[in-house]
file work-v4.pdb (PDB, C-alpha atoms)
ATOM      1  CA  MET A 645      41.834  -8.266 -48.535
ATOM      2  CA  GLN A 646      41.791  -9.008 -44.770
ATOM      3  CA  ILE A 647      41.614  -6.760 -41.713
ATOM      4  CA  PHE A 648      41.310  -7.473 -37.985
ATOM      5  CA  PHE A 649      39.156  -5.913 -35.262
ATOM      6  CA  HIS A 650      38.608  -6.193 -31.494
ATOM      7  CA  ASP A 651      34.989  -6.607 -30.381
ATOM      8  CA  LEU A 652      33.422  -5.309 -27.134
ATOM      9  CA  SER A 653      34.902  -8.260 -25.201
ATOM     10  CA  ASN A 654      38.379  -7.461 -26.577
ATOM     11  CA  ASP A 655      38.370 -10.650 -28.658
ATOM     12  CA  SER A 656      40.126 -10.560 -32.053
ATOM     13  CA  HIS A 657      38.291 -11.330 -35.280
ATOM     14  CA  ALA A 658      39.415 -11.521 -38.914
ATOM     15  CA  LEU A 659      37.298  -9.899 -41.580
ATOM     16  CA  THR A 660      37.760 -10.540 -45.345
ATOM     17  CA  LEU A 661      36.576  -7.721 -47.606
ATOM     18  CA  PRO A 662      36.646  -7.305 -51.366
ATOM     19  CA  PRO A 663      39.198  -4.585 -52.313
ATOM     20  CA  THR A 664      38.437  -1.609 -54.475
ATOM     21  CA  ALA A 665      40.247  -0.673 -57.684
ATOM     22  CA  ASP A 666      42.942   1.296 -55.823
ATOM     23  CA  GLY A 667      43.474  -1.469 -53.191
ATOM     24  CA  SER A 668      41.833   0.343 -50.215
ATOM     25  CA  ILE A 669      38.684  -0.469 -48.220
ATOM     26  CA  PRO A 670      35.908   2.170 -47.817
ATOM     27  CA  PHE A 671      34.807   2.975 -44.277
ATOM     28  CA  HIS A 672      31.093   2.405 -44.873
ATOM     29  CA  LEU A 673      31.862  -1.148 -46.057
ATOM     30  CA  ILE A 674      33.816  -1.825 -42.840
ATOM     31  CA  TYR A 675      30.916  -0.541 -40.709
ATOM     32  CA  SER A 676      28.485  -2.748 -42.642
ATOM     33  CA  LYS A 677      30.539  -5.956 -42.359
ATOM     34  CA  ILE A 678      31.332  -5.520 -38.634
ATOM     35  CA  SER A 679      27.639  -4.821 -37.993
ATOM     36  CA  GLU A 680      26.691  -8.086 -39.688
ATOM     37  CA  THR A 681      29.360 -10.022 -37.772
ATOM     38  CA  LEU A 682      28.436  -8.701 -34.274
ATOM     39  CA  GLY A 683      24.704  -8.363 -34.873
ATOM     40  CA  ILE A 684      24.708  -4.708 -33.790
ATOM     41  CA  PRO A 685      23.200  -1.953 -35.957
ATOM     42  CA  SER A 686      25.887   0.097 -37.620
ATOM     43  CA  GLU A 687      24.538   3.393 -36.236
ATOM     44  CA  TYR A 688      25.478   2.189 -32.727
ATOM     45  CA  LEU A 689      29.076   1.311 -33.663
ATOM     46  CA  LEU A 690      32.094   3.552 -33.260
ATOM     47  CA  LEU A 691      35.266   2.347 -35.062
ATOM     48  CA  LYS A 692      38.785   3.594 -34.334
ATOM     49  CA  HIS A 693      42.018   2.987 -36.216
ATOM     50  CA  GLN A 694      45.239   4.137 -34.600
ATOM     51  CA  ARG A 695      43.238   6.303 -32.126
ATOM     52  CA  ARG A 696      41.416   7.945 -34.994
ATOM     53  CA  ILE A 697      37.656   7.696 -35.407
ATOM     54  CA  LEU A 698      36.681   6.352 -38.798
ATOM     55  CA  PRO A 699      34.013   8.484 -40.494
ATOM     56  CA  ARG A 700      30.920   6.485 -41.359
ATOM     57  CA  ASN A 701      30.126   7.862 -44.843
ATOM     58  CA  PHE A 702      33.645   8.859 -45.889
ATOM     59  CA  SER A 703      34.999   6.678 -48.701
ATOM     60  CA  ARG A 704      37.851   8.546 -50.405
ATOM     61  CA  SER A 705      40.890   6.418 -51.082
ATOM     62  CA  SER A 706      43.130   8.751 -49.109
ATOM     63  CA  GLN A 707      41.003   8.110 -45.994
ATOM     64  CA  SER A 708      40.730   4.324 -46.444
ATOM     65  CA  ILE A 709      42.752   1.806 -44.428
ATOM     66  CA  GLU A 710      45.055  -0.835 -45.784
ATOM     67  CA  SER A 711      44.951  -4.609 -45.547
ATOM     68  CA  GLY A 712      46.072  -6.138 -42.210
ATOM     69  CA  SER A 713      45.024  -3.090 -40.187
ATOM     70  CA  LEU A 714      43.622  -3.487 -36.635
ATOM     71  CA  ILE A 715      40.364  -1.726 -35.746
ATOM     72  CA  ASP A 716      38.939  -1.147 -32.244
ATOM     73  CA  VAL A 717      35.133  -1.441 -31.880
ATOM     74  CA  SER A 718      33.110   0.461 -29.239
ATOM     75  CA  LEU A 719      29.521   1.644 -28.826
ATOM     76  CA  ARG A 720      28.318   5.126 -29.581
ATOM     77  CA  LEU A 721      26.542   6.977 -26.738
ATOM     78  CA  PHE A 722      23.375   8.917 -27.526
ATOM     79  CA  GLY A 723      21.851  11.739 -25.469
ATOM     80  CA  GLY A 724      22.844  12.500 -21.876
ATOM     81  CA  MET A 725      24.748  15.474 -20.534
ATOM     82  CA  ASP A 726      28.418  16.133 -20.882
ATOM     83  CA  PHE A 727      30.000  16.862 -17.521
ATOM     84  CA  GLN A 728      33.625  16.475 -18.545
ATOM     85  CA  ASN A 729      34.360  20.072 -19.545
ATOM     86  CA  ARG A 730      32.806  21.839 -16.570
ATOM     87  CA  VAL A 731      34.670  24.161 -14.245
ATOM     88  CA  GLY A 732      36.195  22.351 -11.268
ATOM     89  CA  SER A 733      35.950  18.877 -12.761
ATOM     90  CA  LYS A 734      38.808  16.517 -13.458
ATOM     91  CA  PHE A 735      39.413  14.937 -16.842
ATOM     92  CA  GLY A 736      37.532  11.645 -17.022
ATOM     93  CA  GLY A 737      35.856  12.202 -13.640
ATOM     94  CA  GLY A 738      32.363  12.840 -15.019
ATOM     95  CA  GLY A 739      32.251  16.501 -14.009
ATOM     96  CA  MET A 740      30.373  18.334 -11.242
ATOM     97  CA  MET A 741      26.694  19.129 -11.408
ATOM     98  CA  SER A 742      25.451  22.587 -10.724
ATOM     99  CA  GLU A 743      23.215  23.278  -7.725
ATOM    100  CA  ALA A 744      20.092  23.409  -9.876
ATOM    101  CA  GLN A 745      20.919  20.090 -11.534
ATOM    102  CA  ALA A 746      21.675  18.513  -8.148
ATOM    103  CA  ASN A 747      18.247  19.645  -6.882
ATOM    104  CA  ILE A 748      16.555  18.171  -9.947
ATOM    105  CA  ASP A 749      18.367  14.872  -9.468
ATOM    106  CA  ARG A 750      17.517  14.816  -5.738
ATOM    107  CA  ARG A 751      13.830  15.467  -6.374
ATOM    108  CA  GLU A 752      13.744  12.725  -8.976
ATOM    109  CA  ARG A 753      15.330  10.217  -6.611
ATOM    110  CA  LEU A 754      12.916  11.176  -3.829
ATOM    111  CA  ARG A 755       9.966  10.866  -6.208
ATOM    112  CA  LYS A 756      10.980   7.358  -7.264
ATOM    113  CA  LEU A 757      11.541   6.345  -3.645
ATOM    114  CA  ALA A 758       8.165   7.718  -2.569
ATOM    115  CA  LEU A 759       6.350   6.007  -5.428
ATOM    116  CA  GLU A 760       7.847   2.684  -4.318
ATOM    117  CA  THR A 761       6.450   3.052  -0.787
ATOM    118  CA  ILE A 762       3.239   5.077  -1.327
ATOM    119  CA  ASP A 763       0.340   3.994  -3.524
ATOM    120  CA  LEU A 764      -1.233   7.155  -4.911
ATOM    121  CA  LYS A 765      -4.233   5.184  -6.136
ATOM    122  CA  LYS A 766      -5.351   4.793  -2.519
ATOM    123  CA  ASP A 767      -5.076   8.536  -1.810
ATOM    124  CA  PRO A 768      -8.664   9.923  -1.811
ATOM    125  CA  TYR A 769      -7.443  13.472  -2.515
ATOM    126  CA  PHE A 770      -5.215  12.630  -5.505
ATOM    127  CA  MET A 771      -6.695  13.367  -8.949
ATOM    128  CA  LYS A 772      -5.336  13.679 -12.485
ATOM    129  CA  ASN A 773      -7.140  16.270 -14.570
ATOM    130  CA  HIS A 774      -7.736  16.462 -18.335
ATOM    131  CA  LEU A 775      -4.564  18.527 -18.829
ATOM    132  CA  GLY A 776      -2.315  15.745 -17.573
ATOM    133  CA  LYS A 777      -1.538  17.540 -14.312
ATOM    134  CA  TYR A 778      -2.302  16.455 -10.772
ATOM    135  CA  GLU A 779      -4.646  18.114  -8.288
ATOM    136  CA  CYS A 780      -5.122  17.898  -4.534
ATOM    137  CA  LYS A 781      -8.881  17.876  -3.935
ATOM    138  CA  LEU A 782      -8.388  18.744  -0.282
ATOM    139  CA  CYS A 783      -6.238  21.854  -0.740
ATOM    140  CA  LEU A 784      -7.329  22.683  -4.327
ATOM    141  CA  THR A 785      -3.717  22.900  -5.540
ATOM    142  CA  LEU A 786      -2.243  22.022  -8.954
ATOM    143  CA  HIS A 787       0.954  19.989  -9.407
ATOM    144  CA  ASN A 788       3.059  19.111 -12.445
ATOM    145  CA  ASN A 789       4.108  15.586 -11.408
ATOM    146  CA  GLU A 790       3.666  12.959  -8.703
ATOM    147  CA  GLY A 791       6.810  14.031  -6.854
ATOM    148  CA  ASN A 792       5.506  17.568  -6.510
ATOM    149  CA  TYR A 793       2.218  16.221  -5.157
ATOM    150  CA  LEU A 794       3.993  13.936  -2.658
ATOM    151  CA  ALA A 795       6.078  16.868  -1.442
ATOM    152  CA  HIS A 796       2.849  18.836  -1.016
ATOM    153  CA  THR A 797       1.294  16.082   1.125
ATOM    154  CA  GLN A 798       4.165  16.421   3.613
ATOM    155  CA  GLY A 799       3.786  20.186   3.857
ATOM    156  CA  GLN A 800       2.128  22.214   6.591
ATOM    157  CA  ARG A 801      -0.859  23.258   4.504
ATOM    158  CA  HIS A 802      -1.919  19.733   3.598
ATOM    159  CA  GLN A 803      -1.334  18.410   7.118
ATOM    160  CA  SER A 804      -3.372  21.205   8.717
ATOM    161  CA  ASN A 805      -6.215  20.585   6.273
ATOM    162  CA  LEU A 806      -6.129  16.880   7.121
ATOM    163  CA  ALA A 807      -6.346  17.664  10.843
ATOM    164  CA  ARG A 808      -9.229  20.099  10.214
ATOM    165  CA  ARG A 809     -11.090  17.517   8.135
ATOM    166  CA  ALA A 810     -10.593  14.810  10.803
ATOM    167  CA  ALA A 811     -11.880  17.141  13.538
ATOM    168  CA  MET A 812     -14.946  18.014  11.449
ATOM    169  CA  GLU A 813     -15.742  14.363  10.753
ATOM    170  CA  ALA A 814     -15.332  13.475  14.433
ATOM    171  CA  LYS A 815     -17.685  16.316  15.408
ATOM    172  CA  ASN A 816     -20.373  15.362  12.903
ATOM    173  CA  SER A 817     -20.148  11.632  13.436
ATOM    174  CA  VAL A 818     -23.001   9.984  15.332
ATOM    175  CA  ILE A 819     -21.936   8.543  18.671
ATOM    176  CA  LYS A 820     -23.081   4.959  18.751
ATOM    177  CA  PRO A 821     -24.082   3.497  22.123
ATOM    178  CA  ALA A 822     -21.836   0.870  23.567
ATOM    179  CA  PRO A 823     -23.098  -2.644  22.908
ATOM    180  CA  ILE A 824     -24.819  -4.235  25.838
ATOM    181  CA  ALA A 825     -22.964  -7.266  27.066
ATOM    182  CA  VAL A 826     -25.330 -10.216  27.283
ATOM    183  CA  VAL A 827     -24.455 -12.673  30.012
ATOM    184  CA  GLN A 828     -25.635 -16.157  29.225
ATOM    185  CA  THR A 829     -27.121 -17.857  32.250
ATOM    186  CA  ARG A 830     -27.229 -21.578  32.728
ATOM    187  CA  ASN A 831     -30.627 -23.168  33.229
ATOM    188  CA  VAL A 832     -29.965 -25.623  36.045
ATOM    189  CA  ILE A 833     -32.771 -27.291  37.950
ATOM    190  CA  LYS A 834     -32.264 -26.703  41.649
ATOM    191  CA  ILE A 835     -32.815 -29.687  43.971
ATOM    192  CA  GLY A 836     -33.133 -27.777  47.255
ATOM    193  CA  ARG A 837     -30.955 -26.415  49.993
ATOM    194  CA  PRO A 838     -27.882 -28.294  51.226
ATOM    195  CA  GLY A 839     -27.507 -29.477  54.794
ATOM    196  CA  TYR A 840     -25.344 -27.312  57.007
ATOM    197  CA  LYS A 841     -23.924 -26.978  60.492
ATOM    198  CA  VAL A 842     -22.585 -23.802  62.146
ATOM    199  CA  THR A 843     -20.323 -23.954  65.195
ATOM    200  CA  LYS A 844     -19.340 -20.932  67.312
ATOM    201  CA  SER A 845     -16.049 -20.939  69.180
ATOM    202  CA  ARG A 846     -13.314 -18.662  70.526
ATOM    203  CA  ASP A 847      -9.558 -18.890  70.121
ATOM    204  CA  VAL A 848      -7.869 -19.834  73.395
ATOM    205  CA  HIS A 849      -4.813 -17.630  72.896
ATOM    206  CA  THR A 850      -6.076 -14.549  71.005
ATOM    207  CA  ARG A 851      -9.678 -14.678  72.347
ATOM    208  CA  GLN A 852     -10.923 -14.101  68.787
ATOM    209  CA  ARG A 853     -14.409 -15.298  67.995
ATOM    210  CA  SER A 854     -14.656 -17.960  65.308
ATOM    211  CA  LEU A 855     -17.372 -19.483  63.139
ATOM    212  CA  LEU A 856     -17.127 -22.937  61.568
ATOM    213  CA  PHE A 857     -19.430 -23.666  58.605
ATOM    214  CA  GLU A 858     -19.941 -27.238  57.367
ATOM    215  CA  ILE A 859     -22.053 -27.488  54.211
ATOM    216  CA  GLU A 860     -22.995 -30.895  52.801
ATOM    217  CA  TYR A 861     -23.498 -31.459  49.058
ATOM    218  CA  PRO A 862     -24.160 -35.209  48.656
ATOM    219  CA  GLU A 863     -25.697 -34.906  45.148
ATOM    220  CA  VAL A 864     -23.085 -32.573  43.658
ATOM    221  CA  ASP A 865     -21.994 -33.281  40.079
ATOM    222  CA  GLN A 866     -18.616 -34.773  39.388
ATOM    223  CA  GLY A 867     -15.935 -32.090  38.972
ATOM    224  CA  MET A 868     -17.953 -29.334  40.685
ATOM    225  CA  GLN A 869     -16.589 -27.511  43.738
ATOM    226  CA  PRO A 870     -18.494 -25.176  46.074
ATOM    227  CA  ARG A 871     -17.692 -21.449  46.081
ATOM    228  CA  HIS A 872     -18.121 -18.805  48.759
ATOM    229  CA  ARG A 873     -18.006 -15.022  49.004
ATOM    230  CA  PHE A 874     -18.753 -12.225  51.460
ATOM    231  CA  MET A 875     -21.589  -9.866  50.533
ATOM    232  CA  SER A 876     -22.519  -6.469  51.913
ATOM    233  CA  ALA A 877     -25.988  -5.953  53.408
ATOM    234  CA  TYR A 878     -26.711  -3.419  50.668
ATOM    235  CA  GLU A 879     -26.269  -5.987  47.889
ATOM    236  CA  GLN A 880     -29.219  -8.129  48.944
ATOM    237  CA  LYS A 881     -32.916  -7.298  48.410
ATOM    238  CA  VAL A 882     -34.524  -9.707  50.907
ATOM    239  CA  GLU A 883     -34.120  -7.750  54.163
ATOM    240  CA  ALA A 884     -33.676  -4.105  55.044
ATOM    241  CA  PRO A 885     -29.953  -3.318  54.892
ATOM    242  CA  SER A 886     -28.088  -2.745  58.154
ATOM    243  CA  ASN A 887     -24.531  -1.677  58.809
ATOM    244  CA  ASN A 888     -24.314  -4.164  61.714
ATOM    245  CA  TYR A 889     -24.404  -7.266  59.537
ATOM    246  CA  GLN A 890     -22.898  -8.820  56.452
ATOM    247  CA  TYR A 891     -23.626 -12.060  54.585
ATOM    248  CA  LEU A 892     -21.563 -15.130  53.773
ATOM    249  CA  LEU A 893     -22.789 -17.017  50.691
ATOM    250  CA  PHE A 894     -22.166 -20.627  49.611
ATOM    251  CA  ALA A 895     -23.051 -21.856  46.125
ATOM    252  CA  CYS A 896     -22.702 -25.151  44.290
ATOM    253  CA  GLU A 897     -24.863 -26.561  41.511
ATOM    254  CA  PRO A 898     -27.409 -28.122  41.503
ATOM    255  CA  TYR A 899     -28.182 -26.896  45.052
ATOM    256  CA  GLU A 900     -29.625 -23.498  45.913
ATOM    257  CA  THR A 901     -27.344 -20.751  47.156
ATOM    258  CA  VAL A 902     -27.458 -20.360  50.948
ATOM    259  CA  ALA A 903     -26.484 -17.231  52.899
ATOM    260  CA  PHE A 904     -25.570 -16.734  56.535
ATOM    261  CA  LYS A 905     -26.018 -13.442  58.364
ATOM    262  CA  ILE A 906     -22.883 -12.670  60.398
ATOM    263  CA  PRO A 907     -21.650  -9.579  62.280
ATOM    264  CA  ASN A 908     -20.207  -6.808  60.139
ATOM    265  CA  ILE A 909     -16.750  -7.082  61.671
ATOM    266  CA  PRO A 910     -13.548  -7.275  59.568
ATOM    267  CA  ILE A 911     -12.455 -10.824  58.858
ATOM    268  CA  ASP A 912      -8.952 -11.845  59.882
ATOM    269  CA  LYS A 913      -7.443 -12.992  56.560
ATOM    270  CA  LYS A 914      -3.941 -13.677  57.800
ATOM    271  CA  GLU A 915      -2.298 -16.974  57.000
ATOM    272  CA  GLY A 916      -4.081 -19.809  58.789
ATOM    273  CA  ARG A 917      -6.972 -17.636  60.039
ATOM    274  CA  LEU A 918      -9.326 -18.199  57.069
ATOM    275  CA  TYR A 919      -9.512 -21.913  56.353
ATOM    276  CA  THR A 920     -11.432 -23.703  53.565
ATOM    277  CA  ASN A 921     -11.560 -27.378  52.588
ATOM    278  CA  TRP A 922     -13.561 -29.441  50.100
ATOM    279  CA  ASP A 923     -13.894 -33.136  50.910
ATOM    280  CA  ARG A 924     -14.477 -34.799  47.537
ATOM    281  CA  VAL A 925     -15.215 -38.166  49.116
ATOM    282  CA  GLY A 926     -17.559 -37.057  51.871
ATOM    283  CA  LYS A 927     -18.982 -34.206  49.705
ATOM    284  CA  LYS A 928     -18.620 -31.699  52.538
ATOM    285  CA  PHE A 929     -17.335 -28.122  52.260
ATOM    286  CA  THR A 930     -15.783 -26.603  55.406
ATOM    287  CA  LEU A 931     -14.976 -22.944  56.104
ATOM    288  CA  GLN A 932     -13.644 -21.503  59.347
ATOM    289  CA  LEU A 933     -13.139 -17.790  59.900
ATOM    290  CA  TYR A 934     -11.915 -15.527  62.694
ATOM    291  CA  PHE A 935     -13.099 -12.005  63.353
ATOM    292  CA  ALA A 936     -10.442  -9.319  63.658
ATOM    293  CA  GLU A 937     -11.571  -8.083  67.088
ATOM    294  CA  GLU A 938     -11.003  -4.412  67.872
ATOM    295  CA  ALA A 939      -9.455  -3.287  71.144
ATOM    296  CA  GLY A 940     -11.977  -3.448  73.962
ATOM    297  CA  ARG A 941     -14.552  -5.458  72.009
ATOM    298  CA  GLY A 942     -13.185  -8.941  72.637
ATOM    299  CA  GLY A 943     -15.445  -9.558  75.649
ATOM    300  CA  LYS A 944     -18.641  -8.009  74.300
ATOM    301  CA  ASN A 945     -21.385 -10.277  73.022
ATOM    302  CA  GLN A 946     -22.165  -9.747  69.322
ATOM    303  CA  GLY A 947     -25.218 -11.148  67.581
ATOM    304  CA  SER A 948     -24.795 -13.704  64.848
TER
END

call {"tool": "encode", "arguments": {"input": "work-v4.pdb", "output": "structure tokens"}}
result
Amino acid sequence: MQIFFHDLSNDSHALTLPPTADGSIPFHLIYSKISETLGIPSEYLLLKHQRRILPRNFSRSSQSIESGSLIDVSLRLFGGMDFQNRVGSKFGGGGMMSEAQANIDRRERLRKLALETIDLKKDPYFMKNHLGKYECKLCLTLHNNEGNYLAHTQGQRHQSNLARRAAMEAKNSVIKPAPIAVVQTRNVIKIGRPGYKVTKSRDVHTRQRSLLFEIEYPEVDQGMQPRHRFMSAYEQKVEAPSNNYQYLLFACEPYETVAFKIPNIPIDKKEGRLYTNWDRVGKKFTLQLYFAEEAGRGGKNQGS
């Protein structure tokens, strides 16, 4: 005797079964043969014939099917919640969850999302006790699951305790002194003072006094260039400081640094009024400066 059935992919298959004495096929034999053909346990199969579910353990001849019949195969669903017959739901639409069930589903989704982004193993206040529940060692609270604990960590109580703990640790922590910056000095053997020449002059048009410094460095190393800077009288420790004078320093290794004592008058640093030049061939450094004379002081004689 032969029957036909559609599998889960809607493909047709022929199944040959031995008939019984009355010429019908028991249902449990159909379940067993289709299970062997598809490789699916029979308890997961749901067979229908002419929109009627075939009982699994029903084998009376009046309930058997005849040869040449077509059977539809589907899978049986286990567990879950039936939402189809709820108030306000449409047939086949899956139904509407109640507010309590929606809250449970929302908390579960938030818990899974939080566990993907937060590693509770790195939380110093998270602890699982011997009862299988979770404790917050900072707030001394008890929680049923990880989601409840994560919700607690975002609450006001936990955040205030964290701020209080941080303030206490900052108060009790020992203030370490700032590390002392060590400046490495170069040990260079000085070969003496450089030769120099100072020329005093006055601008013909503005009547500003000018000083021209020519410093010679014949033994300077290749690639070195002299530097200069102005220094206040209170920075040096050689002479008694005076507000009437300032110092102009020139430095270039391996020569000693030389300083010139000039009047403590503002230097005119406009374009073209403070001139410097380093002659790499003649090894001579030149600097010319102009004093920014105040009104009425252009004709007075100032020491230098």

call {"tool": "resolve_selection", "arguments": {"input": "work-v4.pdb", "expression": "the PyMOL selection byres ((chain A and resi 776) around 12)", "output": "list in words"}}
result
Met771, Lys772, Asn773, His774, Leu775, Lys777, Tyr778, Glu779, Leu786, His787, Asn788, Asn789 and Glu790 of chain A

call {"tool": "write_last_selection", "arguments": {"input": "work-v4.pdb", "atoms": "C-alpha atoms", "output": "short mmCIF file (atom, residue, chain, number, x, y, z; two decimals), keeping the file's coordinate frame"}}
result
data_model
loop_
_atom_site.label_atom_id
_atom_site.label_comp_id
_atom_site.auth_asym_id
_atom_site.auth_seq_id
_atom_site.Cartn_x
_atom_site.Cartn_y
_atom_site.Cartn_z
CA MET A 771 -6.70 13.37 -8.95
CA LYS A 772 -5.34 13.68 -12.48
CA ASN A 773 -7.14 16.27 -14.57
CA HIS A 774 -7.74 16.46 -18.34
CA LEU A 775 -4.56 18.53 -18.83
CA LYS A 777 -1.54 17.54 -14.31
CA TYR A 778 -2.30 16.45 -10.77
CA GLU A 779 -4.65 18.11 -8.29
CA LEU A 786 -2.24 22.02 -8.95
CA HIS A 787 0.95 19.99 -9.41
CA ASN A 788 3.06 19.11 -12.44
CA ASN A 789 4.11 15.59 -11.41
CA GLU A 790 3.67 12.96 -8.70
#

call {"tool": "residues_around", "arguments": {"input": "work-v4.pdb", "residues": "A:Ile697", "least_positions_apart": "2", "cutoff": "12 Å", "atoms": "all atoms listed in the file", "output": "MDAnalysis selection string"}}
result
chainID A and resid 671 675 689:695 699:700 702 707:709 715:718 720

call {"tool": "atom_distance", "arguments": {"input": "work-v4.pdb", "atom1": "atom CA of A:Pro898", "atom2": "atom CA of A:Ile835"}}
result
6.1 Å

call {"tool": "closest_residue", "arguments": {"input": "work-v4.pdb", "among": "A:Leu698, A:Leu784, A:Met875, A:Leu714", "to": "A:Ile647", "atoms": "only C-alpha atoms"}}
result
A:Leu714

call {"tool": "resolve_selection", "arguments": {"input": "work-v4.pdb", "expression": "the PyMOL selection byres ((chain A and resi 927) around 8)", "output": "VMD selection string"}}
result
chain A and resid 860 to 862 864 922 to 926 928 to 929

call {"tool": "atom_distance", "arguments": {"input": "work-v4.pdb", "atom1": "atom CA of A:Cys896", "atom2": "atom CA of A:Lys834"}}
result
10.0 Å

call {"tool": "atom_distance", "arguments": {"input": "work-v4.pdb", "atom1": "atom CA of A:Ser804", "atom2": "atom CA of A:Asp749"}}
result
29.0 Å

call {"tool": "closest_residue", "arguments": {"input": "work-v4.pdb", "among": "A:Gln880, A:Asn888, A:Ser854, A:Thr761", "to": "A:Leu918", "atoms": "only C-alpha atoms"}}
result
A:Ser854

call {"tool": "closest_residue", "arguments": {"input": "work-v4.pdb", "among": "A:Tyr889, A:Pro907, A:Leu856, A:Lys820", "to": "A:Leu933", "atoms": "all atoms listed in the file"}}
result
A:Leu856

call {"tool": "closest_residue", "arguments": {"input": "work-v4.pdb", "among": "A:Asp767, A:Arg830, A:Gln852, A:Arg808", "to": "A:Tyr793", "atoms": "all atoms listed in the file"}}
result
A:Asp767

call {"tool": "residues_around", "arguments": {"input": "work-v4.pdb", "residues": "A:Arg873", "least_positions_apart": "2", "cutoff": "8 Å", "atoms": "only C-alpha atoms", "output": "short mmCIF file (atom, residue, chain, number, x, y, z; two decimals) with C-alpha atoms, keeping the file's coordinate frame"}}
result
data_model
loop_
_atom_site.label_atom_id
_atom_site.label_comp_id
_atom_site.auth_asym_id
_atom_site.auth_seq_id
_atom_site.Cartn_x
_atom_site.Cartn_y
_atom_site.Cartn_z
CA ARG A 871 -17.69 -21.45 46.08
CA MET A 875 -21.59 -9.87 50.53
CA LEU A 892 -21.56 -15.13 53.77
CA LEU A 893 -22.79 -17.02 50.69
CA PHE A 894 -22.17 -20.63 49.61
#

call {"tool": "residues_around", "arguments": {"input": "work-v4.pdb", "residues": "A:Ile678", "least_positions_apart": "3", "cutoff": "9 Å", "atoms": "only C-alpha atoms", "output": "list of chain:residue names"}}
result
A:Phe649, A:Leu659, A:Leu673, A:Ile674, A:Tyr675, A:Thr681, A:Leu682, A:Gly683, A:Ile684, A:Ser686, A:Leu689, A:Val717

call {"tool": "write_last_selection", "arguments": {"input": "work-v4.pdb", "atoms": "C-alpha atoms", "output": "CSV table (one decimal), in the frame of the given file"}}
result
chain,number,residue,atom,x,y,z
A,649,PHE,CA,39.2,-5.9,-35.3
A,659,LEU,CA,37.3,-9.9,-41.6
A,673,LEU,CA,31.9,-1.1,-46.1
A,674,ILE,CA,33.8,-1.8,-42.8
A,675,TYR,CA,30.9,-0.5,-40.7
A,681,THR,CA,29.4,-10.0,-37.8
A,682,LEU,CA,28.4,-8.7,-34.3
A,683,GLY,CA,24.7,-8.4,-34.9
A,684,ILE,CA,24.7,-4.7,-33.8
A,686,SER,CA,25.9,0.1,-37.6
A,689,LEU,CA,29.1,1.3,-33.7
A,717,VAL,CA,35.1,-1.4,-31.9

call {"tool": "resolve_selection", "arguments": {"input": "work-v4.pdb", "expression": "the PyMOL selection byres ((chain A and resi 845) around 8)", "output": "list in words"}}
result
Thr843, Lys844, Arg846, Asp847, Arg853, Ser854, Leu855 and Leu856 of chain A

call {"tool": "residues_around", "arguments": {"input": "work-v4.pdb", "residues": "A:Ile748", "least_positions_apart": "6", "cutoff": "12 Å", "atoms": "all atoms listed in the file", "output": "PyMOL selection string"}}
result
chain A and resi 741-742+754-755+791-792
